[in-house]
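Next comes input35.pdb, with PDB, C-alpha atoms.
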ATOM      1  CA  MET M   1      32.045 123.605  78.076
ATOM      2  CA  GLN M   2      29.493 121.622  76.123
ATOM      3  CA  THR M   3      26.384 123.006  74.420
ATOM      4  CA  ASN M   4      23.508 121.425  72.528
ATOM      5  CA  ASN M   5      21.598 123.070  69.707
ATOM      6  CA  LEU M   6      18.317 124.839  70.438
ATOM      7  CA  GLN M   7      15.643 124.405  67.822
ATOM      8  CA  GLY M   8      12.291 126.133  67.871
ATOM      9  CA  GLU M   9       9.503 127.359  65.693
ATOM     10  CA  THR M  10       7.792 130.654  66.419
ATOM     11  CA  ASN M  11       5.036 132.464  64.642
ATOM     12  CA  ILE M  12       4.711 136.087  65.697
ATOM     13  CA  LYS M  13       1.620 137.827  64.377
ATOM     14  CA  ASN M  14      -0.171 140.950  65.524
ATOM     15  CA  GLY M  15       1.983 141.231  68.616
ATOM     16  CA  THR M  16       1.267 137.700  69.825
ATOM     17  CA  LEU M  17       3.316 134.545  69.989
ATOM     18  CA  GLU M  18       0.977 131.883  68.603
ATOM     19  CA  ASN M  19       3.049 128.762  69.049
ATOM     20  CA  ILE M  20       6.207 127.650  70.757
ATOM     21  CA  ASN M  21       7.679 124.215  70.171
ATOM     22  CA  PHE M  22      11.145 123.755  71.580
ATOM     23  CA  THR M  23      13.120 120.556  71.414
ATOM     24  CA  ASN M  24      16.612 119.679  72.627
ATOM     25  CA  PRO M  25      16.915 122.612  75.092
ATOM     26  CA  SER M  26      20.435 123.862  75.448
ATOM     27  CA  SER M  27      22.479 122.969  78.450
ATOM     28  CA  VAL M  28      25.306 125.316  79.200
ATOM     29  CA  THR M  29      27.818 124.870  81.950
ATOM     30  CA  ASN M  30      29.985 127.844  82.807
ATOM     31  CA  GLU M  31      32.999 127.582  85.041
ATOM     32  CA  VAL M  32      33.957 130.809  86.768
ATOM     33  CA  VAL M  33      37.283 130.943  88.530
ATOM     34  CA  THR M  34      37.479 133.616  91.210
ATOM     35  CA  PRO M  35      41.068 134.567  92.008
ATOM     36  CA  ILE M  36      41.949 134.570  95.700
ATOM     37  CA  ALA M  37      44.702 136.795  96.974
ATOM     38  CA  SER M  38      47.855 134.853  97.555
ATOM     39  CA  THR M  39      48.029 136.115 101.129
ATOM     40  CA  ALA M  40      44.676 134.454 102.059
ATOM     41  CA  THR M  41      44.939 131.320 104.130
ATOM     42  CA  THR M  42      43.096 128.116 103.296
ATOM     43  CA  ALA M  43      40.697 128.724 106.210
ATOM     44  CA  GLU M  44      39.933 132.262 105.003
ATOM     45  CA  THR M  45      39.308 131.004 101.480
ATOM     46  CA  GLN M  46      36.912 128.332 102.731
ATOM     47  CA  SER M  47      35.093 130.913 104.859
ATOM     48  CA  ILE M  48      34.632 133.219 101.856
ATOM     49  CA  GLU M  49      33.319 130.361  99.729
ATOM     50  CA  GLU M  50      30.919 129.211 102.456
ATOM     51  CA  ASN M  51      29.533 132.731 102.956
ATOM     52  CA  THR M  52      29.073 133.114  99.213
ATOM     53  CA  LYS M  53      27.161 129.834  99.040
ATOM     54  CA  ILE M  54      24.941 130.891 101.954
ATOM     55  CA  ARG M  55      24.087 134.202 100.250
ATOM     56  CA  GLU M  56      23.319 132.432  96.967
ATOM     57  CA  MET M  57      21.127 129.865  98.736
ATOM     58  CA  LYS M  58      19.163 132.591 100.537
ATOM     59  CA  ALA M  59      18.615 134.421  97.249
ATOM     60  CA  ARG M  60      17.307 131.245  95.577
ATOM     61  CA  ASN M  61      14.969 130.473  98.474
ATOM     62  CA  GLN M  62      13.518 133.990  98.645
ATOM     63  CA  SER M  63       9.828 134.045  97.796
ATOM     64  CA  ILE M  64       8.380 136.169  95.002
ATOM     65  CA  THR M  65       6.403 138.024  97.670
ATOM     66  CA  ASP M  66       9.658 138.959  99.429
ATOM     67  CA  LYS M  67      11.281 140.048  96.170
ATOM     68  CA  MET M  68       8.299 142.202  95.202
ATOM     69  CA  SER M  69       8.179 143.853  98.629
ATOM     70  CA  LYS M  70      11.408 145.651  97.740
ATOM     71  CA  HIS M  71       9.520 147.663  95.108
ATOM     72  CA  SER M  72       6.951 150.405  95.637
ATOM     73  CA  VAL M  73       3.328 149.286  95.707
ATOM     74  CA  ASN M  74       2.518 151.014  92.404
ATOM     75  CA  LYS M  75       5.567 149.471  90.728
ATOM     76  CA  ARG M  76       4.400 146.050  91.919
ATOM     77  CA  PHE M  77       1.036 146.506  90.261
ATOM     78  CA  GLU M  78       2.762 147.595  87.055
ATOM     79  CA  MET M  79       4.869 144.428  87.070
ATOM     80  CA  MET M  80       1.845 142.239  87.823
ATOM     81  CA  GLU M  81      -0.105 143.785  84.959
ATOM     82  CA  SER M  82       2.848 143.197  82.608
ATOM     83  CA  ILE M  83       2.818 139.459  83.393
ATOM     84  CA  VAL M  84      -0.970 139.230  82.938
ATOM     85  CA  LEU M  85      -0.780 141.074  79.615
ATOM     86  CA  MET M  86       2.004 138.765  78.446
ATOM     87  CA  VAL M  87      -0.259 135.745  79.044
ATOM     88  CA  ILE M  88      -3.233 137.398  77.347
ATOM     89  CA  ARG M  89      -1.025 138.105  74.321
ATOM     90  CA  ARG M  90      -0.163 134.380  74.205
ATOM     91  CA  PHE M  91       3.515 134.589  75.045
ATOM     92  CA  SER M  92       2.926 132.150  77.917
ATOM     93  CA  PRO M  93       0.077 129.698  78.624
ATOM     94  CA  SER M  94      -0.952 130.805  82.108
ATOM     95  CA  VAL M  95      -0.564 132.935  85.214
ATOM     96  CA  ILE M  96      -1.672 132.454  88.822
ATOM     97  CA  VAL M  97      -2.674 135.692  90.569
ATOM     98  CA  CYS M  98      -2.799 134.864  94.268
ATOM     99  CA  GLY M  99      -2.914 136.641  97.611
ATOM    100  CA  THR M 100      -5.118 138.488 100.057
ATOM    101  CA  GLY M 101      -8.720 139.041  99.003
ATOM    102  CA  GLY M 102     -10.058 142.495  98.235
ATOM    103  CA  LEU M 103      -6.793 143.939  96.878
ATOM    104  CA  GLY M 104      -7.834 144.307  93.251
ATOM    105  CA  LYS M 105      -6.723 141.015  91.675
ATOM    106  CA  SER M 106      -9.909 140.501  89.657
ATOM    107  CA  HIS M 107     -10.075 144.188  88.769
ATOM    108  CA  MET M 108      -6.499 144.118  87.480
ATOM    109  CA  VAL M 109      -7.245 141.141  85.216
ATOM    110  CA  LYS M 110     -10.476 142.716  83.917
ATOM    111  CA  GLU M 111      -8.642 145.935  83.095
ATOM    112  CA  ALA M 112      -5.927 143.977  81.265
ATOM    113  CA  LEU M 113      -8.553 142.138  79.193
ATOM    114  CA  LYS M 114     -10.237 145.457  78.437
ATOM    115  CA  ARG M 115      -6.916 147.007  77.465
ATOM    116  CA  MET M 116      -6.409 144.220  74.908
ATOM    117  CA  ASN M 117      -9.958 144.789  73.562
ATOM    118  CA  LEU M 118     -11.118 141.284  74.474
ATOM    119  CA  VAL M 119     -14.826 140.696  75.029
ATOM    120  CA  GLU M 120     -16.580 137.871  76.854
ATOM    121  CA  ASP M 121     -17.772 135.519  74.130
ATOM    122  CA  LYS M 122     -17.563 132.009  75.740
ATOM    123  CA  LYS M 123     -15.824 130.394  72.748
ATOM    124  CA  GLY M 124     -13.727 131.137  69.691
ATOM    125  CA  LYS M 125     -10.172 132.193  68.893
ATOM    126  CA  GLN M 126     -10.522 135.585  70.572
ATOM    127  CA  GLY M 127     -12.330 136.897  73.629
ATOM    128  CA  PHE M 128     -12.485 135.415  77.101
ATOM    129  CA  THR M 129     -14.573 133.224  79.391
ATOM    130  CA  TRP M 130     -14.901 134.262  83.041
ATOM    131  CA  VAL M 131     -15.787 131.473  85.490
ATOM    132  CA  ALA M 132     -16.255 132.423  89.158
ATOM    133  CA  GLY M 133     -17.161 130.390  92.225
ATOM    134  CA  HIS M 134     -17.969 126.694  92.403
ATOM    135  CA  ILE M 135     -17.566 124.576  89.298
ATOM    136  CA  ALA M 136     -17.221 120.813  88.850
ATOM    137  CA  PRO M 137     -14.333 119.262  86.896
ATOM    138  CA  THR M 138     -16.803 118.498  84.086
ATOM    139  CA  GLY M 139     -17.573 122.218  83.927
ATOM    140  CA  VAL M 140     -13.892 123.079  83.615
ATOM    141  CA  TYR M 141     -13.486 120.464  80.867
ATOM    142  CA  THR M 142     -16.447 122.003  79.015
ATOM    143  CA  ALA M 143     -15.082 125.542  79.450
ATOM    144  CA  MET M 144     -11.677 124.453  78.151
ATOM    145  CA  HIS M 145     -13.339 122.783  75.170
ATOM    146  CA  ASP M 146     -15.203 126.009  74.404
ATOM    147  CA  ARG M 147     -11.876 127.860  74.427
ATOM    148  CA  GLN M 148      -9.933 125.173  72.598
ATOM    149  CA  GLU M 149      -9.229 127.415  69.591
ATOM    150  CA  GLY M 150      -7.860 130.302  71.649
ATOM    151  CA  GLY M 151      -8.842 133.206  73.836
ATOM    152  CA  VAL M 152      -8.549 133.401  77.604
ATOM    153  CA  LEU M 153     -10.182 131.256  80.275
ATOM    154  CA  VAL M 154     -10.301 133.042  83.644
ATOM    155  CA  LEU M 155     -10.919 130.865  86.714
ATOM    156  CA  ASP M 156     -11.740 133.314  89.504
ATOM    157  CA  ASP M 157     -11.745 131.815  93.003
ATOM    158  CA  VAL M 158     -12.514 128.372  91.562
ATOM    159  CA  ASP M 159     -11.429 125.487  93.798
ATOM    160  CA  ILE M 160      -9.036 123.732  91.472
ATOM    161  CA  TRP M 161      -6.596 122.833  94.224
ATOM    162  CA  SER M 162      -8.135 119.954  96.146
ATOM    163  CA  GLY M 163      -9.461 117.474  93.583
ATOM    164  CA  GLU M 164      -7.089 115.238  91.638
ATOM    165  CA  THR M 165      -9.247 115.320  88.495
ATOM    166  CA  MET M 166      -9.349 119.121  88.477
ATOM    167  CA  MET M 167      -5.611 119.328  89.037
ATOM    168  CA  GLU M 168      -4.857 116.943  86.168
ATOM    169  CA  LEU M 169      -7.037 118.979  83.805
ATOM    170  CA  CYS M 170      -5.205 122.159  84.741
ATOM    171  CA  LYS M 171      -1.779 120.563  84.468
ATOM    172  CA  ALA M 172      -2.591 119.385  80.955
ATOM    173  CA  ALA M 173      -3.847 122.839  79.964
ATOM    174  CA  LEU M 174      -0.744 124.596  81.280
ATOM    175  CA  ASP M 175       1.966 122.392  79.816
ATOM    176  CA  SER M 176       4.534 124.442  77.934
ATOM    177  CA  TYR M 177       4.832 121.913  75.115
ATOM    178  CA  GLY M 178       3.871 122.903  71.573
ATOM    179  CA  GLN M 179       0.738 120.750  71.819
ATOM    180  CA  ARG M 180      -1.514 120.641  74.873
ATOM    181  CA  VAL M 181      -4.016 117.792  74.903
ATOM    182  CA  ILE M 182      -6.989 117.778  77.305
ATOM    183  CA  SER M 183      -8.709 114.445  77.821
ATOM    184  CA  TRP M 184     -11.734 112.970  79.612
ATOM    185  CA  ASN M 185     -11.740 109.290  78.830
ATOM    186  CA  SER M 186     -15.207 108.253  79.986
ATOM    187  CA  SER M 187     -18.769 107.949  78.686
ATOM    188  CA  TRP M 188     -19.620 111.301  80.293
ATOM    189  CA  ALA M 189     -17.939 113.094  77.383
ATOM    190  CA  ASP M 190     -19.833 110.945  74.859
ATOM    191  CA  ASN M 191     -23.171 111.554  76.583
ATOM    192  CA  ASN M 192     -22.633 115.324  76.574
ATOM    193  CA  GLY M 193     -21.553 115.640  72.964
ATOM    194  CA  LEU M 194     -17.916 116.336  73.768
ATOM    195  CA  PRO M 195     -14.807 114.628  72.418
ATOM    196  CA  ARG M 196     -12.800 112.482  74.803
ATOM    197  CA  LYS M 197      -9.742 114.576  73.989
ATOM    198  CA  PHE M 198      -8.880 117.770  72.150
ATOM    199  CA  ASP M 199      -5.999 120.149  71.511
ATOM    200  CA  PHE M 200      -6.147 123.216  73.735
ATOM    201  CA  LYS M 201      -4.825 126.535  72.397
ATOM    202  CA  GLY M 202      -6.282 128.892  74.995
ATOM    203  CA  GLN M 203      -4.685 130.865  77.795
ATOM    204  CA  VAL M 204      -5.587 130.351  81.464
ATOM    205  CA  ILE M 205      -5.604 132.921  84.269
ATOM    206  CA  PHE M 206      -6.143 131.654  87.819
ATOM    207  CA  ILE M 207      -7.257 134.109  90.508
ATOM    208  CA  THR M 208      -7.226 132.881  94.093
ATOM    209  CA  ASN M 209      -7.154 134.228  97.649
ATOM    210  CA  LYS M 210      -4.647 131.556  98.629
ATOM    211  CA  MET M 211      -1.137 132.696  99.462
ATOM    212  CA  GLU M 212       2.067 131.980  97.576
ATOM    213  CA  HIS M 213       3.199 129.178  99.909
ATOM    214  CA  GLU M 214      -0.142 127.381  99.390
ATOM    215  CA  MET M 215       0.238 127.069  95.622
ATOM    216  CA  PRO M 216       0.591 123.476  94.345
ATOM    217  CA  GLN M 217       4.025 122.935  92.864
ATOM    218  CA  PRO M 218       2.807 121.229  89.639
ATOM    219  CA  LEU M 219       0.936 124.407  88.667
ATOM    220  CA  VAL M 220       3.691 126.757  89.840
ATOM    221  CA  ASP M 221       6.159 124.872  87.649
ATOM    222  CA  ARG M 222       3.932 125.530  84.628
ATOM    223  CA  SER M 223       2.693 129.055  85.363
ATOM    224  CA  TRP M 224       3.805 132.554  86.167
ATOM    225  CA  LEU M 225       3.043 133.279  89.810
ATOM    226  CA  VAL M 226       1.918 136.788  90.753
ATOM    227  CA  PRO M 227       1.312 137.266  94.508
ATOM    228  CA  VAL M 228      -0.669 140.313  95.668
ATOM    229  CA  VAL M 229       0.223 141.028  99.304
ATOM    230  CA  LEU M 230       0.104 144.537 100.804
ATOM    231  CA  THR M 231       0.538 146.067 104.237
ATOM    232  CA  THR M 232      -2.169 148.436 105.520
ATOM    233  CA  THR M 233       0.037 151.425 104.709
ATOM    234  CA  GLU M 234       0.519 150.123 101.172
ATOM    235  CA  VAL M 235      -3.229 149.559 100.769
ATOM    236  CA  PHE M 236      -3.897 153.220 101.594
ATOM    237  CA  GLU M 237      -1.099 154.286  99.242
ATOM    238  CA  ARG M 238      -2.617 152.275  96.419
ATOM    239  CA  MET M 239      -6.094 153.628  97.215
ATOM    240  CA  ASN M 240      -4.773 157.146  96.742
ATOM    241  CA  THR M 241      -3.457 156.158  93.296
ATOM    242  CA  ILE M 242      -6.645 154.530  91.996
ATOM    243  CA  LEU M 243      -9.047 157.014  93.625
ATOM    244  CA  PRO M 244      -9.478 159.241  90.507
ATOM    245  CA  ASN M 245     -10.595 156.199  88.472
ATOM    246  CA  MET M 246     -13.166 155.020  91.012
ATOM    247  CA  TYR M 247     -16.650 156.334  90.231
ATOM    248  CA  PRO M 248     -15.450 159.053  87.827
ATOM    249  CA  GLY M 249     -18.792 160.838  88.160
ATOM    250  CA  VAL M 250     -18.221 161.487  91.864
ATOM    251  CA  ASP M 251     -16.407 164.681  92.819
ATOM    252  CA  ILE M 252     -12.764 163.912  93.620
ATOM    253  CA  ASN M 253     -12.887 166.006  96.797
ATOM    254  CA  ILE M 254     -15.749 163.866  98.107
ATOM    255  CA  LYS M 255     -13.745 160.700  97.420
ATOM    256  CA  ARG M 256     -10.662 162.176  99.074
ATOM    257  CA  GLY M 257     -12.748 163.010 102.114
ATOM    258  CA  VAL M 258     -13.926 159.388 102.313
ATOM    259  CA  LEU M 259     -10.361 158.090 102.061
ATOM    260  CA  LYS M 260      -9.190 160.552 104.732
ATOM    261  CA  HIS M 261     -11.945 159.336 107.048
ATOM    262  CA  LEU M 262     -10.897 155.703 106.510
ATOM    263  CA  LYS M 263      -7.289 156.527 107.389
ATOM    264  CA  GLU M 264      -8.291 158.424 110.525
ATOM    265  CA  THR M 265     -10.706 155.808 111.835
ATOM    266  CA  HIS M 266      -8.819 152.673 110.878
ATOM    267  CA  ALA M 267      -7.951 150.612 113.945
ATOM    268  CA  ASN M 268      -4.749 148.596 114.126
ATOM    269  CA  GLY M 269      -5.435 144.968 113.349
ATOM    270  CA  ASP M 270      -8.601 145.639 111.334
ATOM    271  CA  ALA M 271      -8.448 144.474 107.736
ATOM    272  CA  VAL M 272      -8.794 147.229 105.151
ATOM    273  CA  THR M 273      -9.200 146.442 101.448
ATOM    274  CA  PHE M 274     -10.251 148.167  98.246
ATOM    275  CA  ARG M 275     -13.739 146.841  98.892
ATOM    276  CA  THR M 276     -13.764 148.911 102.089
ATOM    277  CA  LEU M 277     -13.148 152.070 100.064
ATOM    278  CA  ASP M 278     -15.753 151.082  97.471
ATOM    279  CA  ARG M 279     -18.429 150.567 100.127
ATOM    280  CA  ALA M 280     -17.519 153.804 101.880
ATOM    281  CA  ILE M 281     -17.897 155.842  98.690
ATOM    282  CA  ARG M 282     -21.262 154.191  98.001
ATOM    283  CA  LEU M 283     -22.450 155.014 101.524
ATOM    284  CA  ARG M 284     -21.207 158.602 101.207
ATOM    285  CA  MET M 285     -23.274 159.081  98.053
ATOM    286  CA  GLY M 286     -26.323 157.065  99.105
ATOM    287  CA  ALA M 287     -26.636 158.282 102.700
ATOM    288  CA  PRO M 288     -24.673 161.546 102.915
ATOM    289  CA  LYS M 289     -25.914 162.491 106.394
ATOM    290  CA  GLU M 290     -25.277 159.230 108.206
ATOM    291  CA  TRP M 291     -22.677 157.454 106.098
ATOM    292  CA  LYS M 292     -19.980 157.549 108.779
ATOM    293  CA  GLU M 293     -22.245 155.921 111.365
ATOM    294  CA  LEU M 294     -23.410 153.309 108.855
ATOM    295  CA  LEU M 295     -19.820 152.588 107.881
ATOM    296  CA  THR M 296     -18.878 152.029 111.536
ATOM    297  CA  VAL M 297     -21.747 149.573 112.034
ATOM    298  CA  PHE M 298     -21.705 147.634 108.777
ATOM    299  CA  SER M 299     -18.072 147.612 107.687
TER     300      SER M 299
END
Structure encoded using structure tokens:
Amino acid sequence: MQTNNLQGETNIKNGTLENINFTNPSSVTNEVVTPIASTATTAETQSIEENTKIREMKARNQSITDKMSKHSVNKRFEMMESIVLMVIRRFSPSVIVCGTGGLGKSHMVKEALKRMNLVEDKKGKQGFTWVAGHIAPTGVYTAMHDRQEGGVLVLDDVDIWSGETMMELCKAALDSYGQRVISWNSSWADNNGLPRKFDFKGQVIFITNKMEHEMPQPLVDRSWLVPVVLTTTEVFERMNTILPNMYPGVDINIKRGVLKHLKETHANGDAVTFRTLDRAIRLRMGAPKEWKELLTVFS
């Protein structure tokens, strides 16, 4: 067995990991010898080894979505929040929160930012910048420059996947090296008062409705991947958990009545999301006499 030395510099302050710079990563090779009963034939031994390899291969190829499905829906959300909080606390440069729309991805990230007492301030060492919808690569470069000293840049449903320029910017921002350099080597940067390159010390959170299998490998290799995928039964289970925190000023019995109505009237094959519950509660409060009819027509 041969090992190399692992050298690194860490600076832990106020519960955050401010810098990681590893060189010469260790490479360890372990040889495990599994004794085979002396009565086993060569064919039986080969069969055991082949079956073991098949099981190991299946385990390696299992998606994160499949692995998470083995846990309860509330446990999944706890694990997802833990990963997001780890990125916000600067223990890792980025996370991709992907999956079906309307299942609380953006809400989960906002709650995590709130829990860490971060405020939206556009630039600086603390706080966060929230960018949603369409944005050009130049806009992403500008947003990264504003967050170059730290804080969190959230890209919510921003199309970073198709354009090569956008992808290269994101790859540079997510590199796990001690120094991340973002560059735009053209006169556009000069004309807009921006440097052609700068060191980036911020964190990045991607939120997208794309599924796990649609994620580009260069970003997956650099980021934590958190897929949010629920069955209809799991959506209703999660709704029941978060119901007390939705519109705290509304009587809980009224909200439970709305959720019960959704469960009773839900048709197989129809999509149901947290937005469905939100709209139903709003209708119940805004049009108490006809909310069920309005919900049937407009949902």
Within 12 Å of Trp161 (chain M) using only C-alpha atoms, minus same-chain residues under 3 positions, as a PyMOL selection string: chain M and resi 137+155+157-158+164-171+206-210+214-220
Given the PyMOL selection byres ((chain M and resi 132) around 9), the residues it picks as number ranges by chain: M: 130-131, 133-135, 154-158
Point (-2.1, 145.3, 93.5), cut-off 10 Å, counting only C-alpha atoms, residues as a list in words: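 Residues found, by chain and rising number: Val73, Asn74, Lys75, Arg76, Phe77, Glu78, Met79, Met80, Glu81, Gly99, Thr100, Gly102, Leu103, Gly104, Lys105, Ser106, His107, Met108, Val226, Pro227, Val228, Val229, Leu230, Glu234, Val235, Arg238, Met239 and Phe274 of chain M.
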Non-local contacts of region 282-285 of chain M (9 Å; only C-alpha atoms; under 5 positions in same chain excluded) as number ranges by chain: M: 250, 254-255, 258, 277, 290-292, 294-295
File dump, residues just selected, C-alpha atoms, as a compact mmCIF listing (two decimals), in the coordinates of the input:
# COMPACT_ATOMS: atom_id res chain seq x y z
CA VAL M 250 -18.22 161.49 91.86
CA ILE M 254 -15.75 163.87 98.11
CA LYS M 255 -13.74 160.70 97.42
CA VAL M 258 -13.93 159.39 102.31
CA LEU M 277 -13.15 152.07 100.06
CA GLU M 290 -25.28 159.23 108.21
CA TRP M 291 -22.68 157.45 106.10
CA LYS M 292 -19.98 157.55 108.78
CA LEU M 294 -23.41 153.31 108.86
CA LEU M 295 -19.82 152.59 107.88
Exercise: Met86 (chain M) partners within 12 Å, all atoms listed in the file, chain neighbours under 3 positions left out, as a PyMOL selection string: chain M and resi 15-17+79-83+89-95+109+112-113+116+152+203-205+223-224
One-decimal distance in Å that lies between CA of Val87 (chain M) and CA of Asp121 (chain M):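 Spanning CA of Asp121 (chain M) to CA of Val87 (chain M) is a straight-line distance of 18.2 Å.
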Coordinates-based distance that separates CA of Ala172 (chain M) from CA of Trp188 (chain M) (Å, one decimal):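 Answer for the CA of Trp188 (chain M) to CA of Ala172 (chain M) separation: 18.9 Å.
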Explicit residue set for the PyMOL selection byres ((chain M and resi 262) around 9), as a list in words: Phe236, Gly257, Val258, Leu259, Lys260, His261, Lys263, Glu264, Thr265, His266, Val272, Thr276, Leu277 and Ala280 of chain M
